[in-house]
Structure formats: structure tokens, C-alpha cells
Amino acid sequence: MATITLEHITKRFGKVTALKDMSFEVQDGEFFCILGPPGAGKTTTLRTIIGLEIPDEGNIFIDGKRVNNIHPSKRDIAMIFQNLALYPDKTVFENIASPLRRMDLEEEEVDSKVRTVAKQLRIDWLLDKTPGQLSGGERQRVAIGRAIVRKPKAYLMDEPLANLDALLRLEMRVGLKELQTSLRDTFVYVTHDQVEALSMADRIAILDRGSLQQIGSPEEVYYRPENMFVAGILGNPSMNFISSSLSQQNGDLLIRHDSFIAVVEKKGLGEVLKNKVKDNAQIIFGVRPEDISIFFAKPVGVSIPAEIYVTEPLGNKTIVDIKLGNEVIKAVTRTSFTGKPEQKVWITLKDSKLHLFDQKSGVCVVHSDEKTPLKILTQRSRT
């Protein structure tokens, strides 16, 4: 096992800065995911850790030892690529054994190690076959077996499930998490798939255009995103962003939208907002689709009038697109939802699951929670 530390890493390719002053630490025995869209710098981060790219600035440490100038073969880290890079003319046994061959081990020891790993990955019955005779999931297990057979300090994985179909990806996600738990080794796993990151990771680092946006547990990055990019990349459907403005009137703190004006409770978050946002500031109201409730008749208490735009039945749930003023937002509701386009409805927002973002910077200025809900006390249509 190993700790991996990146300290102010910058990597440039000509005029393009692929990594910008990136710093984080992967803890010993941690399943650490790096999540981001194409071009975010995910693969460059892995290649820099293993030594295939040399940083222009900053330092890389493995178990506290600086490795910037140490050859990749001496860093004792295994890497699994998206294309797997198996030897097509060699058997499964020889593919898994290939890193051991370079260690000049006795044949009996090689045989024992390969068969132990193959049994652990449930591919021991495939040892005499070649990669061309295997399914995608089986080839994936062979690549993993080749990586773990020599017991490296850590494993780097670059979108290893990207070429598998949906059912195989689900199976392999479970298998990889089970494997990492049993090995108790350090995994650094790159993906653009939020489901992979949220379901497998102990912590997630979210990148955008070479910059680290946030790092935290799946719960932290999902429920308390630090900015709009993080909030938008997580969730299916992703968070709704509602353009609003924040102002004060007669001592009240108001959130103004084209379809409503809301008064924020003075105590708690109201005081926080006054300290963080200037008067008349443009603000983005963030709410996840699962935190919106839809009613066909006006409910008791505060609600917001809206209109159904379209419905999207998805079997286990229904996504409802709702017109709110000039914007369309999404809500997730039950499979038996019977609403129709252009039908008038009322919506409520879960007051302990709301977020306010500064429009200019995209930074989150307020997260509401059970202790400090974002209470909307009154509401009236704009006239």
C-alpha cells in the first residue's frame, strides 16, 4: 500500500496548460476516483503520477519520497489502461505472468502466483485461452490480474470499464470495489462516469480544464457542492439552476425570480446571506430534481405556481419538465404520475436541500440543511 501526494503540479503541452497548480493526497488503502469531462486533465494526472509525464512545476511523492526524476519502472505502481493492452497471441496464464517473468522468479512460484490471482478473479478456468476467445468482462479481469499479480504499491486505472456494455460495467463496478476492499490497496481510478465515482470511491476529486474543483466523499460532493460545476456534473438529472436576484426591502431579505418573490427567514441563513452577498447581487438558486414535489391542487403552506412542459417516463421513475417563468426545470416523481403538458401545477422545494450560488463566480455561498433550512416564509407573483 502507498500514499500518493501531488504538490502544486502544473503540466503544460505547448500553449495548453493541462494541469494547473494541482494538489491532493491519496491516502494509504483508499479507493480514490478522479472525475471530470473529456479534457479535464484526468489521464494526464495518472500519467504524471506513474512517470509517463514529467511535471513542469511541483512535486510528486510516493510514501513521502519525491519521485519526479524516478523512472516509471522504479515507482512500483501498476497501471490499467482503457484499451487493456493484452498480448493477443499469449494465453491468459502468460498475460498474467508477464510482469513476473521480468522478475526472474522460479517457474513454480510464477505458477502459484498466477493461479492464486486467477482464482481470486474467478478466471482460473480461462488460463489456457487467448484474449480473442474471451468476453469483454473476462479480458478486463485478465488485465486486472496482470496488474495485481506482482503486488505493487498502488494501482492506477484509466477508465477501465469505458468499453464495456451497461450490464458488464455494473458487474465490474461491484467486482472492483470488492477486490479493492479485500486487497486493502491504494486505487486511483479515473472516470467520466459519475455513477462509477459515486458508487465506488472513498473520496472523489473533481477536475475541470486542469483545475481541481472539489475533493471529498461522495456524500460531501453531492450534497454540498462547492460550485456550480460540481453541482452540475453530479446527479441524473443534474441540479436545476434558477436565475434569481438577492436584495433587501424593509429589513427583509428577498430572493426574486420572474415567477415569484420569496422572503428568506432572518435568522440562520438570512444572516449568512447578508454577510456574503451584496445587495441586488445576481444569485443562482440550486435545487436537485428529487427535492421538488409536484401538486395538482394548491397545497397548504407556501408553494410556487408552475406548468408542466413535458413528461419523461423512465420505468422506475418519471422526470417532469416544468415551466417556471421563462425557465424549464426538472423534477423526479413517481412512475404513476398522470400530469399532462400545459397542465397547471404547484411545486414545493425541500427547504433543507437548497443551494445558493454567486452568479458571477459560480461559487456556492449557502447550503441549507436540517439545522439551517432555507425557509421561504412568504411568496407572491411578480406584478
# chains A, B, ... in the order shown; residues from 1 in each chain; ligands from 1
call {"tool": "residues_around", "arguments": {"residues": "range 74-91 of chain A", "least_positions_apart": "3", "cutoff": "6 Å", "atoms": "only C-alpha atoms", "output": "PyMOL selection string"}}
result
chain A and resi 71+94+128-131+143+147+152-160
call {"tool": "residues_around", "arguments": {"residues": "range 313-326 of chain A", "least_positions_apart": "6", "cutoff": "7 Å", "atoms": "only C-alpha atoms", "output": "ChimeraX atom specification"}}
result
/A:258-259,306-307,332-335,337
call {"tool": "closest_residue", "arguments": {"among": "A:Ala231, A:Leu168, A:Ala2, A:Ile50", "to": "Gln194 in chain A", "atoms": "only C-alpha atoms"}}
result
A:Ala231
call {"tool": "closest_residue", "arguments": {"among": "A:Ile206, A:Ile329, A:Leu356, A:Val302", "to": "Pro37 in chain A", "atoms": "only C-alpha atoms"}}
result
A:Ile206
call {"tool": "residues_around", "arguments": {"residues": "Asp193 in chain A", "least_positions_apart": "5", "cutoff": "12 Å", "atoms": "only C-alpha atoms", "output": "ChimeraX atom specification"}}
result
/A:33-38,158-162,166,169-170,173,198-201,204,206,233-236
call {"tool": "write_last_selection", "arguments": {"atoms": "C-alpha atoms", "output": "compact mmCIF listing (two decimals), in the first residue's frame"}}
result
# COMPACT_ATOMS: atom_id res chain seq x y z
CA CYS A 33 -11.68 8.49 -8.01
CA ILE A 34 -10.78 11.33 -10.35
CA LEU A 35 -13.94 12.53 -12.11
CA GLY A 36 -14.34 15.03 -14.91
CA PRO A 37 -15.43 15.55 -18.53
CA PRO A 38 -13.14 14.90 -21.52
CA ASP A 158 -7.71 4.94 -16.66
CA GLU A 159 -11.42 4.47 -17.48
CA PRO A 160 -11.05 0.66 -17.48
CA LEU A 161 -14.80 0.00 -17.88
CA ALA A 162 -15.49 2.51 -20.67
CA ALA A 166 -24.04 -1.36 -19.22
CA ARG A 169 -19.98 -2.19 -16.18
CA LEU A 170 -22.37 -2.78 -13.28
CA ARG A 173 -18.01 -1.95 -10.54
CA LEU A 198 -20.23 7.83 -6.54
CA SER A 199 -20.69 4.07 -6.14
CA MET A 200 -17.05 3.01 -5.72
CA ALA A 201 -14.99 5.86 -4.31
CA ILE A 204 -13.69 11.89 -5.31
CA ILE A 206 -13.49 16.58 -9.49
CA ILE A 233 -21.67 17.24 -13.06
CA LEU A 234 -23.32 15.10 -10.37
CA GLY A 235 -26.86 13.79 -10.41
CA ASN A 236 -29.10 12.36 -13.12
call {"tool": "closest_residue", "arguments": {"among": "A:Asp21, A:Glu370, A:Glu196, A:Glu7", "to": "Leu212 in chain A", "atoms": "only C-alpha atoms"}}
result
A:Asp21
